[in-house]
file upload37.pdb (PDB, C-alpha atoms and all ligand atoms)
ATOM      1  CA  MET L 734    -114.290  55.939  47.106
ATOM      2  CA  PRO L 735    -113.333  58.382  44.330
ATOM      3  CA  GLU L 736    -113.333  57.023  40.787
ATOM      4  CA  PRO L 737    -109.824  56.079  39.591
ATOM      5  CA  ALA L 738    -108.394  58.495  37.006
ATOM      6  CA  PRO L 739    -109.046  57.246  33.463
ATOM      7  CA  LYS L 740    -105.904  55.855  31.833
ATOM      8  CA  ILE L 741    -105.216  57.694  28.583
ATOM      9  CA  VAL L 742    -102.473  56.480  26.252
ATOM     10  CA  LEU L 743    -100.866  59.320  24.308
ATOM     11  CA  GLY L 744     -99.004  58.144  21.193
ATOM     12  CA  VAL L 745     -96.413  60.568  19.843
ATOM     13  CA  THR L 746     -94.953  60.181  16.350
ATOM     14  CA  GLY L 747     -92.287  61.732  14.155
ATOM     15  CA  SER L 748     -93.870  65.020  13.216
ATOM     16  CA  ILE L 749     -92.434  68.472  13.696
ATOM     17  CA  ALA L 750     -95.508  69.027  15.902
ATOM     18  CA  ALA L 751     -94.264  66.409  18.400
ATOM     19  CA  TYR L 752     -93.201  69.139  20.834
ATOM     20  CA  LYS L 753     -96.862  70.119  21.215
ATOM     21  CA  ALA L 754     -97.553  66.680  22.716
ATOM     22  CA  ALA L 755     -95.834  67.778  25.940
ATOM     23  CA  GLU L 756     -98.392  70.548  26.371
ATOM     24  CA  LEU L 757    -101.126  68.096  25.445
ATOM     25  CA  ALA L 758     -99.966  65.705  28.182
ATOM     26  CA  ARG L 759    -100.147  68.603  30.670
ATOM     27  CA  GLY L 760    -103.661  69.443  29.512
ATOM     28  CA  MET L 761    -104.675  65.834  30.080
ATOM     29  CA  GLN L 762    -103.260  65.848  33.570
ATOM     30  CA  LYS L 763    -105.190  69.019  34.357
ATOM     31  CA  ARG L 764    -108.303  67.015  33.552
ATOM     32  CA  ASN L 765    -107.122  64.423  36.090
ATOM     33  CA  TRP L 766    -106.406  61.769  33.499
ATOM     34  CA  ASP L 767    -103.641  59.231  34.120
ATOM     35  CA  VAL L 768    -101.442  59.817  31.055
ATOM     36  CA  TRP L 769     -99.134  57.138  29.647
ATOM     37  CA  VAL L 770     -96.997  58.164  26.692
ATOM     38  CA  VAL L 771     -95.677  55.843  23.994
ATOM     39  CA  MET L 772     -93.407  57.148  21.243
ATOM     40  CA  THR L 773     -92.191  55.950  17.894
ATOM     41  CA  ALA L 774     -88.421  55.794  17.536
ATOM     42  CA  CYS L 775     -88.648  58.674  15.081
ATOM     43  CA  ALA L 776     -90.593  60.857  17.535
ATOM     44  CA  ALA L 777     -87.592  60.731  19.859
ATOM     45  CA  GLN L 778     -85.655  62.693  17.212
ATOM     46  CA  TYR L 779     -88.019  65.608  17.845
ATOM     47  CA  VAL L 780     -88.652  65.435  21.603
ATOM     48  CA  GLY L 781     -86.987  63.238  24.212
ATOM     49  CA  PRO L 782     -88.779  60.491  26.175
ATOM     50  CA  LEU L 783     -87.373  62.077  29.338
ATOM     51  CA  THR L 784     -89.686  65.068  28.866
ATOM     52  CA  PHE L 785     -92.738  62.811  28.985
ATOM     53  CA  ARG L 786     -91.273  60.663  31.724
ATOM     54  CA  ALA L 787     -90.827  63.756  33.887
ATOM     55  CA  LEU L 788     -94.294  65.093  33.104
ATOM     56  CA  THR L 789     -96.220  61.851  33.584
ATOM     57  CA  ASP L 790     -94.053  60.001  36.110
ATOM     58  CA  HIS L 791     -94.532  56.857  34.034
ATOM     59  CA  PRO L 792     -91.976  54.964  31.926
ATOM     60  CA  VAL L 793     -92.102  55.938  28.251
ATOM     61  CA  PRO L 794     -91.641  53.093  25.770
ATOM     62  CA  CYS L 795     -90.038  54.274  22.579
ATOM     63  CA  GLY L 796     -89.779  52.346  19.325
ATOM     64  CA  PHE L 797     -89.843  48.701  20.305
ATOM     65  CA  PHE L 798     -88.195  49.005  23.651
ATOM     66  CA  ALA L 799     -89.576  49.828  27.056
ATOM     67  CA  GLU L 800     -87.415  50.900  29.950
ATOM     68  CA  ARG L 801     -86.698  47.927  32.180
ATOM     69  CA  GLU L 802     -88.184  48.751  35.537
ATOM     70  CA  PRO L 803     -89.931  46.747  38.244
ATOM     71  CA  GLU L 804     -93.274  47.884  36.857
ATOM     72  CA  THR L 805     -92.139  47.196  33.304
ATOM     73  CA  TYR L 806     -94.818  46.207  30.912
ATOM     74  CA  SER L 807     -94.744  44.247  27.721
ATOM     75  CA  HIS L 808     -95.932  45.498  24.339
ATOM     76  CA  LEU L 809     -99.481  44.651  25.498
ATOM     77  CA  ASP L 810     -99.652  46.198  28.940
ATOM     78  CA  LEU L 811    -100.095  49.814  27.889
ATOM     79  CA  SER L 812    -103.397  49.053  26.220
ATOM     80  CA  ALA L 813    -104.689  47.128  29.239
ATOM     81  CA  GLY L 814    -107.275  49.119  31.124
ATOM     82  CA  ALA L 815    -106.930  52.146  28.843
ATOM     83  CA  ALA L 816    -110.026  54.346  28.544
ATOM     84  CA  ALA L 817    -108.759  55.703  25.206
ATOM     85  CA  MET L 818    -105.653  56.068  23.087
ATOM     86  CA  VAL L 819    -104.920  59.231  21.142
ATOM     87  CA  VAL L 820    -102.100  59.516  18.632
ATOM     88  CA  ALA L 821    -101.154  63.201  18.479
ATOM     89  CA  PRO L 822     -99.439  64.195  16.357
ATOM     90  CA  CYS L 823    -100.050  61.272  14.020
ATOM     91  CA  SER L 824     -97.586  61.185  11.116
ATOM     92  CA  ALA L 825     -98.466  59.910   7.639
ATOM     93  CA  GLN L 826     -96.213  56.923   8.344
ATOM     94  CA  THR L 827     -97.981  55.948  11.572
ATOM     95  CA  LEU L 828    -101.373  56.557   9.960
ATOM     96  CA  ALA L 829    -100.420  53.991   7.312
ATOM     97  CA  ARG L 830     -99.081  51.628   9.958
ATOM     98  CA  LEU L 831    -102.344  51.783  11.909
ATOM     99  CA  ALA L 832    -104.545  51.493   8.808
ATOM    100  CA  HIS L 833    -102.692  48.377   7.692
ATOM    101  CA  GLY L 834    -102.466  46.775  11.116
ATOM    102  CA  PHE L 835     -98.704  46.728  11.373
ATOM    103  CA  ALA L 836     -97.290  45.743  14.755
ATOM    104  CA  ASP L 837     -93.684  46.789  14.389
ATOM    105  CA  ASP L 838     -93.312  49.023  17.422
ATOM    106  CA  VAL L 839     -94.899  49.481  20.854
ATOM    107  CA  LEU L 840     -97.218  52.249  19.637
ATOM    108  CA  SER L 841     -98.704  50.118  16.856
ATOM    109  CA  CYS L 842     -98.947  47.015  19.098
ATOM    110  CA  THR L 843    -100.752  49.120  21.695
ATOM    111  CA  ALA L 844    -103.232  50.356  19.097
ATOM    112  CA  LEU L 845    -103.846  46.807  17.871
ATOM    113  CA  ALA L 846    -104.426  45.447  21.375
ATOM    114  CA  LEU L 847    -106.645  48.365  22.388
ATOM    115  CA  ALA L 848    -110.187  47.630  23.575
ATOM    116  CA  ALA L 849    -111.153  51.306  23.824
ATOM    117  CA  PRO L 850    -111.646  54.272  21.475
ATOM    118  CA  LEU L 851    -108.702  55.144  19.221
ATOM    119  CA  LEU L 852    -108.295  58.795  18.210
ATOM    120  CA  VAL L 853    -105.806  60.139  15.696
ATOM    121  CA  ALA L 854    -104.821  63.767  15.212
ATOM    122  CA  PRO L 855    -102.821  63.865  11.975
ATOM    123  CA  ALA L 856    -100.197  66.532  11.319
ATOM    124  CA  MET L 857     -98.249  66.805   8.104
ATOM    125  CA  ASN L 858     -97.445  68.965   5.102
ATOM    126  CA  THR L 859    -100.464  69.895   2.959
ATOM    127  CA  ARG L 860     -99.222  67.978  -0.071
ATOM    128  CA  MET L 861     -98.806  64.836   2.051
ATOM    129  CA  TRP L 862    -102.224  65.386   3.660
ATOM    130  CA  ASN L 863    -103.882  65.697   0.250
ATOM    131  CA  HIS L 864    -102.293  62.536  -1.148
ATOM    132  CA  PRO L 865    -104.879  59.830  -1.896
ATOM    133  CA  ALA L 866    -102.802  57.258   0.012
ATOM    134  CA  VAL L 867    -103.111  59.309   3.211
ATOM    135  CA  GLN L 868    -106.813  59.972   2.663
ATOM    136  CA  GLU L 869    -107.485  56.299   1.958
ATOM    137  CA  ASN L 870    -105.644  55.260   5.117
ATOM    138  CA  LEU L 871    -107.686  57.776   7.052
ATOM    139  CA  ALA L 872    -110.919  56.456   5.529
ATOM    140  CA  THR L 873    -109.906  52.906   6.476
ATOM    141  CA  LEU L 874    -109.355  53.910  10.084
ATOM    142  CA  LYS L 875    -112.634  55.837  10.217
ATOM    143  CA  ARG L 876    -114.517  52.864   8.775
ATOM    144  CA  ARG L 877    -113.144  50.772  11.634
ATOM    145  CA  GLY L 878    -114.398  53.281  14.183
ATOM    146  CA  ALA L 879    -111.315  55.395  14.817
ATOM    147  CA  LEU L 880    -112.070  59.025  15.647
ATOM    148  CA  VAL L 881    -110.187  61.618  13.648
ATOM    149  CA  VAL L 882    -109.372  65.055  14.992
ATOM    150  CA  ALA L 883    -108.848  66.746  11.651
ATOM    151  CA  PRO L 884    -105.883  69.048  11.144
ATOM    152  CA  GLY L 885    -106.389  72.772  10.840
ATOM    153  CA  SER L 886    -105.293  75.088   8.057
ATOM    154  CA  GLY L 887    -102.710  77.822   8.243
ATOM    155  CA  GLU L 888     -99.005  78.370   8.049
ATOM    156  CA  LEU L 889     -97.071  75.138   8.476
ATOM    157  CA  ALA L 890     -93.646  74.690  10.051
ATOM    158  CA  CYS L 891     -92.159  74.209   6.564
ATOM    159  CA  GLY L 892     -93.478  77.615   5.463
ATOM    160  CA  ASP L 893     -96.243  76.259   3.229
ATOM    161  CA  VAL L 894     -99.783  77.430   3.857
ATOM    162  CA  GLY L 895    -102.666  74.969   3.822
ATOM    163  CA  ALA L 896    -104.237  72.048   5.678
ATOM    164  CA  GLY L 897    -102.071  69.825   7.860
ATOM    165  CA  ARG L 898    -101.444  71.715  11.094
ATOM    166  CA  LEU L 899    -102.062  69.664  14.211
ATOM    167  CA  ALA L 900    -105.563  70.463  15.510
ATOM    168  CA  GLU L 901    -105.731  72.893  18.427
ATOM    169  CA  LEU L 902    -104.872  71.119  21.683
ATOM    170  CA  GLY L 903    -108.218  72.119  23.219
ATOM    171  CA  GLU L 904    -109.988  70.422  20.341
ATOM    172  CA  ILE L 905    -107.997  67.207  20.864
ATOM    173  CA  LEU L 906    -108.697  67.258  24.618
ATOM    174  CA  GLN L 907    -112.384  67.801  23.947
ATOM    175  CA  ALA L 908    -112.491  64.871  21.500
ATOM    176  CA  VAL L 909    -110.848  62.565  24.052
ATOM    177  CA  ALA L 910    -113.209  63.776  26.795
ATOM    178  CA  GLN L 911    -116.159  63.031  24.546
ATOM    179  CA  ALA L 912    -114.767  59.589  23.653
ATOM    180  CA  ILE L 913    -114.531  58.621  27.327
ATOM    181  CA  GLY L 914    -117.925  60.108  28.181
ATOM    182  CA  GLU L 915    -116.638  63.094  30.157
ATOM    183  CA  SER L 916    -118.058  65.978  28.180
TER
HETATM  184  C1  LIG R1001     -87.936  68.025   9.887
HETATM  185  C2  LIG R1001     -88.937  66.968   9.551
HETATM  186  C3  LIG R1001     -90.268  67.187   9.882
HETATM  187  C4  LIG R1001     -91.245  66.216   9.580
HETATM  188  N1  LIG R1001     -92.541  66.475   9.910
HETATM  189  C5  LIG R1001     -93.471  65.550   9.580
HETATM  190  C6  LIG R1001     -94.840  65.802   9.885
HETATM  191  O1  LIG R1001     -95.218  66.841  10.454
HETATM  192  N2  LIG R1001     -95.735  64.842   9.554
HETATM  193  C7  LIG R1001     -95.395  63.671   8.932
HETATM  194  O2  LIG R1001     -96.262  62.857   8.636
HETATM  195  N3  LIG R1001     -94.098  63.405   8.657
HETATM  196  C8  LIG R1001     -93.137  64.304   8.969
HETATM  197  N4  LIG R1001     -91.812  64.037   8.692
HETATM  198  C9  LIG R1001     -91.461  62.713   8.168
HETATM  199  C10 LIG R1001     -91.515  61.666   9.296
HETATM  200  O3  LIG R1001     -90.618  62.034  10.353
HETATM  201  C11 LIG R1001     -91.166  60.277   8.734
HETATM  202  O4  LIG R1001     -92.154  59.898   7.808
HETATM  203  C12 LIG R1001     -91.041  59.202   9.791
HETATM  204  O5  LIG R1001     -90.775  57.977   9.165
HETATM  205  C13 LIG R1001     -92.283  59.061  10.679
HETATM  206  O6  LIG R1001     -92.127  57.903  11.456
HETATM  207  P1  LIG R1001     -93.065  57.503  12.665
HETATM  208  O7  LIG R1001     -94.475  57.585  12.206
HETATM  209  O8  LIG R1001     -92.638  56.111  12.997
HETATM  210  O9  LIG R1001     -92.784  58.434  13.798
HETATM  211  C14 LIG R1001     -90.854  64.995   8.956
HETATM  212  C15 LIG R1001     -89.505  64.785   8.658
HETATM  213  C16 LIG R1001     -88.570  65.748   8.948
HETATM  214  C17 LIG R1001     -87.121  65.477   8.612
END
call {"tool": "encode", "arguments": {"input": "upload37.pdb", "output": "C-alpha cells", "more": "lines below"}}
Ligand SMILES: Cc1cc2nc3c(=O)[nH]c(=O)nc-3n(C[C@H](O)[C@H](O)[C@H](O)COP(=O)(O)O)c2cc1C
result
Amino acid sequence: MPEPAPKIVLGVTGSIAAYKAAELARGMQKRNWDVWVVMTACAAQYVGPLTFRALTDHPVPCGFFAEREPETYSHLDLSAGAAAMVVAPCSAQTLARLAHGFADDVLSCTALALAAPLLVAPAMNTRMWNHPAVQENLATLKRRGALVVAPGSGELACGDVGAGRLAELGEILQAVAQAIGES
C-alpha cells in the first residue's frame, strides 16, 4: 500500500504577495502533498478562493466561513491529520494574531488546534518588518517552536528596497519538506 499523501495546510493572508501562494500550492502538489488552503478574509481581496479551490480540488475556508458542502469541516477539521501548516505569505497582522493566540478566523483557529509543525513565511514592507512589534511577535512564535522562513531583500512591490520580500518559493517548499521529514 502506498503511503497516503501528507496533508499540508497552506494559510494565505492579506499581503500583496498572496498571488504567489497559487504557485506555491502547485509546487506542493508536484511534491505529491495533499494541499488544503485556508485564507483570511483580507487575502481574498488579493486572490480569489476559487483559484485555490480549482488548483487543490478542496473547499477553501475564508475568514470565518467555510463553504457548506457534504464534506464540510468545522474550524477544527483542517488541522486534523495535518503533517504541517505553512502560512505564506504571512502578513504582520496574522503574525500578531498567531503570536497572541487569537482565534478570530479559520486560519488562526487552525493554527491553534494544530498538532504538527507550524511554518510562517512573512512578507511585508521593510519598515513594517523592522518594527520591534513585528520582531517581538516573530520571536514569540520562534520560542514556541514555529519555523520561520525569513523574507528576502530586494525591490518590494511598493517600490521600496530592503528586507520583506516573500522568501523564494523553493526555499519555502524545502522548509516544509524538512519539517515533515522529506528532505
Ligand atoms: C495594497 C496593499 C498591500 C499590502 N501588502 C501587505 C504585505 O505585503 N504585508 C503585510 O503585512 N500587510 C500588507 N498590507 C496590509 C494588510 O493587508 C492588512 O494589515 C490586513 O489587515 C492583513 O490582514 P490579514 O492578516 O487578516 O490577512 C497591504 C495592504 C494593502 C492595501
call {"tool": "resolve_selection", "arguments": {"input": "upload37.pdb", "expression": "the PyMOL selection byres (((chain L and resi 871) around 12) and not hetatm)", "output": "count of residues only"}}
result
36
call {"tool": "resolve_selection", "arguments": {"input": "upload37.pdb", "expression": "the PyMOL selection byres (((chain L and resi 897) around 9) and not hetatm)", "output": "list in words"}}
result
Pro855, Ala856, Met857, Asn858, Thr859, Arg860, Met861, Trp862, Asn863, Ala883, Pro884, Gly885, Ser886, Gly887, Leu889, Val894, Gly895, Ala896, Arg898, Leu899 and Ala900 of chain L
call {"tool": "write_last_selection", "arguments": {"input": "upload37.pdb", "atoms": "C-alpha atoms", "output": "compact mmCIF listing (two decimals), keeping the file's coordinate frame"}}
result
# COMPACT_ATOMS: atom_id res chain seq x y z
CA PRO L 855 -102.82 63.86 11.98
CA ALA L 856 -100.20 66.53 11.32
CA MET L 857 -98.25 66.81 8.10
CA ASN L 858 -97.44 68.96 5.10
CA THR L 859 -100.46 69.90 2.96
CA ARG L 860 -99.22 67.98 -0.07
CA MET L 861 -98.81 64.84 2.05
CA TRP L 862 -102.22 65.39 3.66
CA ASN L 863 -103.88 65.70 0.25
CA ALA L 883 -108.85 66.75 11.65
CA PRO L 884 -105.88 69.05 11.14
CA GLY L 885 -106.39 72.77 10.84
CA SER L 886 -105.29 75.09 8.06
CA GLY L 887 -102.71 77.82 8.24
CA LEU L 889 -97.07 75.14 8.48
CA VAL L 894 -99.78 77.43 3.86
CA GLY L 895 -102.67 74.97 3.82
CA ALA L 896 -104.24 72.05 5.68
CA ARG L 898 -101.44 71.72 11.09
CA LEU L 899 -102.06 69.66 14.21
CA ALA L 900 -105.56 70.46 15.51
call {"tool": "resolve_selection", "arguments": {"input": "upload37.pdb", "expression": "the PyMOL selection byres (((chain L and resi 743) around 8) and not hetatm)", "output": "PDB file with C-alpha atoms, in the frame of the given file"}}
result
ATOM      1  CA  ILE L 741    -105.216  57.694  28.583  1.00  0.00           C
ATOM      2  CA  VAL L 742    -102.473  56.480  26.252  1.00  0.00           C
ATOM      3  CA  GLY L 744     -99.004  58.144  21.193  1.00  0.00           C
ATOM      4  CA  VAL L 745     -96.413  60.568  19.843  1.00  0.00           C
ATOM      5  CA  ALA L 758     -99.966  65.705  28.182  1.00  0.00           C
ATOM      6  CA  VAL L 768    -101.442  59.817  31.055  1.00  0.00           C
ATOM      7  CA  TRP L 769     -99.134  57.138  29.647  1.00  0.00           C
ATOM      8  CA  VAL L 770     -96.997  58.164  26.692  1.00  0.00           C
ATOM      9  CA  VAL L 771     -95.677  55.843  23.994  1.00  0.00           C
ATOM     10  CA  MET L 818    -105.653  56.068  23.087  1.00  0.00           C
ATOM     11  CA  VAL L 819    -104.920  59.231  21.142  1.00  0.00           C
ATOM     12  CA  VAL L 820    -102.100  59.516  18.632  1.00  0.00           C
ATOM     13  CA  ALA L 821    -101.154  63.201  18.479  1.00  0.00           C
TER      14      ALA L 821
END
call {"tool": "closest_residue", "arguments": {"input": "upload37.pdb", "among": "L:Gly760, L:Ala815, L:Cys891, L:Gln778", "to": "Glu904 (chain L)", "atoms": "all atoms listed in the file"}}
result
L:Gly760
call {"tool": "residues_near_point", "arguments": {"input": "upload37.pdb", "point": "(-94.9, 61.8, 27.4)", "cutoff": "12 Å", "atoms": "all atoms listed in the file", "output": "JSON, numbers by chain"}}
result
{"L": [741, 742, 743, 744, 745, 746, 751, 752, 753, 754, 755, 756, 757, 758, 759, 760, 761, 762, 767, 768, 769, 770, 771, 772, 773, 776, 777, 780, 781, 782, 783, 784, 785, 786, 787, 788, 789, 790, 791, 792, 793, 794, 795, 820, 821]}
call {"tool": "axis_aligned_box", "arguments": {"input": "upload37.pdb", "around": "ligand LIG 1001 (chain R)", "padding_each_side": "3 Å", "output": "JSON"}}
result
{"center_x": -91.7, "center_y": 62.1, "center_z": 10.8, "size_x": 15.1, "size_y": 17.9, "size_z": 12.0}
call {"tool": "atom_distance", "arguments": {"input": "upload37.pdb", "atom1": "CA of Ile749 (chain L)", "atom2": "CA of Phe797 (chain L)"}}
result
21.0 Å
call {"tool": "closest_residue", "arguments": {"input": "upload37.pdb", "among": "L:Ala890, L:Leu811, L:Ala912, L:Ala848", "to": "ligand LIG 1001 (chain R)", "atoms": "all atoms listed in the file"}}
result
L:Ala890
call {"tool": "residues_around", "arguments": {"input": "upload37.pdb", "residues": "region 843-847 of chain L", "least_positions_apart": "2", "cutoff": "7 Å", "atoms": "only C-alpha atoms", "output": "list in words"}}
result
His808, Leu809, Leu811, Ser812, Gly834, Val839, Leu840, Ser841 and Ala849 of chain L
call {"tool": "closest_residue", "arguments": {"input": "upload37.pdb", "among": "L:Cys842, L:Leu906, L:Ala813, L:Cys775", "to": "ligand LIG 1001 (chain R)", "atoms": "only C-alpha atoms and all ligand atoms"}}
result
L:Cys775
call {"tool": "closest_residue", "arguments": {"input": "upload37.pdb", "among": "L:Asn765, L:Ser748, L:Asp893, L:Ala816", "to": "Gly914 (chain L)", "atoms": "all atoms listed in the file"}}
result
L:Ala816
call {"tool": "atom_distance", "arguments": {"input": "upload37.pdb", "atom1": "atom C6 of ligand LIG 1001 (chain R)", "atom2": "CA of Pro822 (chain L)"}}
result
8.1 Å
call {"tool": "atom_distance", "arguments": {"input": "upload37.pdb", "atom1": "CA of Ala738 (chain L)", "atom2": "CA of Gly814 (chain L)"}}
result
11.1 Å
